[in-house]
Amino acid sequence: MRDYILLYVNGREHKLRGAQAFAPISDFLRLDLALCGTKVVCAEGDCGACSVMLGRPQSATADRLTYVPVNSCIQFAYQLDRAHIVTVEGLKLGAALNPLQQSMVDCNGAQCGYCTPGFVVALCGAANQLCGKQKEVNKAGKACLSEKQVKDALTGNLCRCTGYEGIIKAGMDFDLSAFKSFAELYDEKPILESLRQHAKEPVTIEWEGRSVFLPADLESAVQFLGDKAGAQKKVTIVSGGTDVSVVINKRGVTPAVTMSLCNMAGLDDLSEKEVDGRRILTVGARVTLAQLEHYFKDRVPQFHYVLWVYGSPQIRQAGTLAGNIGNGSPIADSLPFLFAMGADVEVTGPDGPRRIPIQSFYKGYKTLAMEPAEMISRVFIPLPKSDEILRLYKISKRQHLDISSFTAAIVVRVKHDKIAYARVVLGGVGPVVLRLTEVEEFLQGKVNKLETFKGAGRMARKIIEPIDDVRGSREYRLQLAENIFQRFFYEMHESKEKALV
């Protein structure tokens, strides 16, 4: 049993115990290592000033580290065991700036400079992904990042005074072929060897009445949960921590007992197989939203878009589908799709795994059909068939980085111009996500025309009971619920017309 967090920062090894293990990694970087290029502003993962690159092996046999940008203000040390962090200071080429950093200077990409390190880290992350791959070429004939790649990479980074024009220009102007990958900057062999040597060791750290446990496998995790449940102690389970860590930072909540899944083997599976004529996707509890986003890009574009607007790249690289489900919010962006497709949630406890239909998983507002000694281990998602028409909707005040006011999923199968099958799901209109079976029954067998969907909207409006809150009034949500069916009808027919052209 290990009593420390093993962490590499810019190639140097660190062992964190006591208070350091329970602190945001941004505090460790700034206060303990004096790496003050990493800034902290919002402390909730919204602004990107704290961005760092997080490197981990993708598998036990991987011969290199895979790096992704994350918000260090909501990544606590106990989430980052066996990882390599590269900060803005670690991106330099000796005493010289790297090409992207120099481009920020040349293109006047910084004014006060406070947010600049976060922008540099995010753009270097995008450049690192393209090292050795086919690249865009700019007017000067140099390999470069495209405008879309730059803007996508910077979705989670806010600038307060410079303006984005110079920053985007800097991201597109530097010579990408001169950029050195993180594998070239750091000798990864000794880091990988050290991470492997520590892979199978569970970790327990205690400090001032708090404890954290890092299990190596599902069996030890379930045993830990069972022991704590027997002692009537609540365990806070953390993977990406994109919600829990914000609560700790902003509300001063300090969980007495935490279990971090960062080292757990066996929950990274993302696989697909056919069952009774339908493809079923298995998603392990540690699979990130970014991995899902990439997976669904060509398979289910509707869900890919929902994931693409789900927070920033830094959030999606940390957050998980299991975490989004377990959080239990009625406006969780992933839930309408899961409800519409009839997903199952696998929970594992002392008696082994059991599967719960997603529709039965929520007993009330943030109340789950799980025992204290159980945890979400996998999610099984039936994928849409070719003859099913799926549309997903997220209504919010901004396209990116915003919490939904209203969500919806509608699936229909049309045969001989009649609706043979329908499934309707609304979010943000009650204490839990709702599947409207009455509306589904109303649609089934009806002629596929506008008046049919108008009638479905009127029926939905009568069924739901939304509330007033800061994201929208009750009347606003009632109107959205009614109108969404007309939007679905028009989009369905628009896609048919395009297919005929």
# chains A, B, ... in the order shown; residues from 1 in each chain; ligands from 1
>>> closest_atom_pairs(of="range 61-105 of chain A", to="range 9-30 of chain A", cutoff="6 Å", atoms="only C-alpha atoms", output="JSON lines")
{"residue": "A:Ser72", "atom": "CA", "partner": "A:Ser26", "partner_atom": "CA", "distance": 5.0}
{"residue": "A:Cys73", "atom": "CA", "partner": "A:Ser26", "partner_atom": "CA", "distance": 5.2}
{"residue": "A:Gln75", "atom": "CA", "partner": "A:Pro24", "partner_atom": "CA", "distance": 5.6}
{"residue": "A:Phe76", "atom": "CA", "partner": "A:Pro24", "partner_atom": "CA", "distance": 4.0}
{"residue": "A:Ala77", "atom": "CA", "partner": "A:Ala21", "partner_atom": "CA", "distance": 5.0}
{"residue": "A:Tyr78", "atom": "CA", "partner": "A:Ala21", "partner_atom": "CA", "distance": 5.6}
{"residue": "A:His84", "atom": "CA", "partner": "A:Val9", "partner_atom": "CA", "distance": 5.7}
{"residue": "A:Ile85", "atom": "CA", "partner": "A:Val9", "partner_atom": "CA", "distance": 4.7}
{"residue": "A:Val86", "atom": "CA", "partner": "A:Asn10", "partner_atom": "CA", "distance": 4.9}
{"residue": "A:Gly90", "atom": "CA", "partner": "A:Asn10", "partner_atom": "CA", "distance": 5.3}
>>> write_last_selection(atoms="C-alpha atoms", output="mmCIF file, in the first residue's frame")
data_model
loop_
_atom_site.group_PDB
_atom_site.id
_atom_site.type_symbol
_atom_site.label_atom_id
_atom_site.label_comp_id
_atom_site.auth_asym_id
_atom_site.auth_seq_id
_atom_site.Cartn_x
_atom_site.Cartn_y
_atom_site.Cartn_z
ATOM 1 C CA SER A 72 -5.467 22.372 -13.072
ATOM 2 C CA CYS A 73 -7.681 24.362 -10.680
ATOM 3 C CA GLN A 75 -7.761 18.644 -10.848
ATOM 4 C CA PHE A 76 -6.758 17.683 -7.323
ATOM 5 C CA ALA A 77 -3.493 15.834 -6.730
ATOM 6 C CA TYR A 78 -5.272 12.594 -5.805
ATOM 7 C CA HIS A 84 3.243 13.801 -16.177
ATOM 8 C CA ILE A 85 2.255 17.462 -16.148
ATOM 9 C CA VAL A 86 3.753 19.985 -18.537
ATOM 10 C CA GLY A 90 8.044 23.441 -19.565
#
>>> select_by_dssp(residues="range 326-389 of chain A", states="strand (DSSP E)", output="list in words")
Asp344, Val345, Glu346, Val347, Thr348, Gly349, Gly352, Pro353, Arg354, Arg355, Ile356, Pro357, Tyr362, Lys363, Gly364, Thr367, Leu368, Met375, Ile376, Ser377, Arg378, Val379, Phe380, Ile381, Pro382 and Ile389 of chain A
>>> closest_residue(among="A:Gly141, A:Pro190, A:Pro202, A:Gly171", to="Leu65 in chain A", atoms="only C-alpha atoms")
A:Pro190
>>> closest_residue(among="A:Gly428, A:Arg378, A:Pro357, A:Lys385", to="Pro336 in chain A", atoms="only C-alpha atoms")
A:Gly428
>>> closest_atom_pairs(of="range 172-263 of chain A", to="range 50-63 of chain A", cutoff="9 Å", atoms="only C-alpha atoms", output="Markdown table")
| residue | atom | partner | partner_atom | distance |
| --- | --- | --- | --- | --- |
| A:Glu188 | CA | A:Asp63 | CA | 8.6 |
| A:Lys189 | CA | A:Asp63 | CA | 7.9 |
| A:Leu192 | CA | A:Asp63 | CA | 7.5 |
| A:Leu195 | CA | A:Pro57 | CA | 8.6 |
| A:Arg196 | CA | A:Ala60 | CA | 7.2 |
| A:Ala199 | CA | A:Ala60 | CA | 8.4 |
>>> decode(residues="range 14-138 of chain A", atoms="C-alpha atoms", output="short mmCIF file (atom, residue, chain, number, x, y, z; two decimals), in the first residue's frame")
data_model
loop_
_atom_site.label_atom_id
_atom_site.label_comp_id
_atom_site.auth_asym_id
_atom_site.auth_seq_id
_atom_site.Cartn_x
_atom_site.Cartn_y
_atom_site.Cartn_z
CA HIS A 14 7.50 14.50 -7.05
CA LYS A 15 5.90 12.50 -4.24
CA LEU A 16 2.96 14.26 -2.63
CA ARG A 17 1.77 13.43 0.87
CA GLY A 18 -0.47 15.06 3.44
CA ALA A 19 -1.93 18.45 2.53
CA GLN A 20 -0.32 18.40 -0.92
CA ALA A 21 -2.30 15.28 -1.89
CA PHE A 22 -5.62 17.03 -1.13
CA ALA A 23 -4.86 20.34 -2.90
CA PRO A 24 -5.72 21.45 -6.44
CA ILE A 25 -2.69 20.78 -8.59
CA SER A 26 -2.64 24.47 -9.52
CA ASP A 27 -1.82 25.25 -5.86
CA PHE A 28 1.01 22.72 -5.86
CA LEU A 29 2.45 24.20 -9.05
CA ARG A 30 2.24 27.80 -7.89
CA LEU A 31 2.88 27.59 -4.15
CA ASP A 32 5.21 24.60 -3.86
CA LEU A 33 7.09 24.66 -7.16
CA ALA A 34 6.87 28.42 -7.87
CA LEU A 35 5.63 27.69 -11.40
CA CYS A 36 3.49 30.81 -11.43
CA GLY A 37 2.83 30.86 -15.17
CA THR A 38 -0.18 28.70 -14.36
CA LYS A 39 -2.84 31.20 -13.27
CA VAL A 40 -5.99 30.74 -11.19
CA VAL A 41 -8.99 32.99 -11.79
CA CYS A 42 -12.36 31.27 -11.63
CA ALA A 43 -11.32 28.11 -9.71
CA GLU A 44 -14.13 26.21 -11.45
CA GLY A 45 -12.72 25.30 -14.87
CA ASP A 46 -14.46 28.04 -16.85
CA CYS A 47 -11.68 30.36 -17.98
CA GLY A 48 -8.71 28.17 -18.94
CA ALA A 49 -6.06 30.38 -17.33
CA CYS A 50 -4.94 27.37 -15.29
CA SER A 51 -4.53 25.03 -18.29
CA VAL A 52 -1.74 22.47 -18.17
CA MET A 53 -0.95 19.43 -20.30
CA LEU A 54 -1.64 16.10 -18.64
CA GLY A 55 0.32 13.11 -19.94
CA ARG A 56 -0.64 9.51 -19.22
CA PRO A 57 -0.05 6.15 -20.91
CA GLN A 58 -3.19 5.03 -22.76
CA SER A 59 -2.60 1.40 -21.78
CA ALA A 60 -0.34 -0.76 -19.64
CA THR A 61 1.80 -1.55 -22.71
CA ALA A 62 1.89 1.95 -24.23
CA ASP A 63 5.38 3.10 -25.21
CA ARG A 64 4.53 6.79 -25.05
CA LEU A 65 2.47 9.26 -23.07
CA THR A 66 -0.69 10.80 -24.50
CA TYR A 67 -1.15 14.45 -23.55
CA VAL A 68 -4.42 16.36 -23.18
CA PRO A 69 -5.16 19.85 -21.79
CA VAL A 70 -6.95 20.03 -18.43
CA ASN A 71 -7.94 22.71 -15.92
CA SER A 72 -5.47 22.37 -13.07
CA CYS A 73 -7.68 24.36 -10.68
CA ILE A 74 -10.21 21.51 -10.52
CA GLN A 75 -7.76 18.64 -10.85
CA PHE A 76 -6.76 17.68 -7.32
CA ALA A 77 -3.49 15.83 -6.73
CA TYR A 78 -5.27 12.59 -5.80
CA GLN A 79 -6.79 12.56 -9.31
CA LEU A 80 -3.42 12.76 -11.04
CA ASP A 81 -1.38 9.89 -9.59
CA ARG A 82 1.01 8.39 -12.15
CA ALA A 83 0.86 11.33 -14.54
CA HIS A 84 3.24 13.80 -16.18
CA ILE A 85 2.26 17.46 -16.15
CA VAL A 86 3.75 19.99 -18.54
CA THR A 87 3.25 23.64 -17.62
CA VAL A 88 3.82 26.73 -19.74
CA GLU A 89 7.35 26.95 -18.29
CA GLY A 90 8.04 23.44 -19.56
CA LEU A 91 7.22 24.31 -23.18
CA LYS A 92 10.35 26.36 -23.84
CA LEU A 93 13.23 25.12 -25.99
CA GLY A 94 16.01 25.64 -23.47
CA ALA A 95 16.28 29.38 -22.93
CA ALA A 96 14.34 30.19 -26.11
CA LEU A 97 10.60 30.38 -26.63
CA ASN A 98 9.03 27.63 -28.71
CA PRO A 99 7.58 28.65 -32.12
CA LEU A 100 4.04 29.10 -30.78
CA GLN A 101 5.19 31.22 -27.85
CA GLN A 102 7.25 33.39 -30.19
CA SER A 103 4.26 33.74 -32.51
CA MET A 104 2.18 35.08 -29.61
CA VAL A 105 4.82 37.78 -29.18
CA ASP A 106 5.09 38.57 -32.88
CA CYS A 107 1.31 38.72 -33.41
CA ASN A 108 0.66 40.81 -30.29
CA GLY A 109 -1.36 37.98 -28.76
CA ALA A 110 -0.99 39.29 -25.21
CA GLN A 111 -1.87 42.54 -23.49
CA CYS A 112 -1.92 42.11 -19.71
CA GLY A 113 -0.63 38.56 -20.24
CA TYR A 114 -2.57 37.00 -17.38
CA CYS A 115 -4.53 34.56 -19.53
CA THR A 116 -1.76 34.09 -22.10
CA PRO A 117 -0.13 30.98 -20.54
CA GLY A 118 -3.45 29.14 -20.73
CA PHE A 119 -3.83 30.03 -24.41
CA VAL A 120 -0.27 28.91 -25.11
CA VAL A 121 -0.79 25.57 -23.36
CA ALA A 122 -4.06 24.90 -25.21
CA LEU A 123 -2.53 25.72 -28.61
CA CYS A 124 0.59 23.67 -27.89
CA GLY A 125 -1.71 20.77 -27.06
CA ALA A 126 -3.32 21.07 -30.50
CA ALA A 127 0.11 21.32 -32.14
CA ASN A 128 1.39 18.28 -30.24
CA GLN A 129 -1.51 16.15 -31.55
CA LEU A 130 -0.51 16.96 -35.14
CA CYS A 131 3.19 16.20 -34.79
CA GLY A 132 4.06 13.61 -37.43
CA LYS A 133 0.67 13.88 -39.12
CA GLN A 134 -0.55 15.64 -42.25
CA LYS A 135 -0.90 19.36 -41.63
CA GLU A 136 -2.49 22.44 -43.16
CA VAL A 137 -0.21 24.73 -45.17
CA ASN A 138 -0.53 28.51 -44.93
#
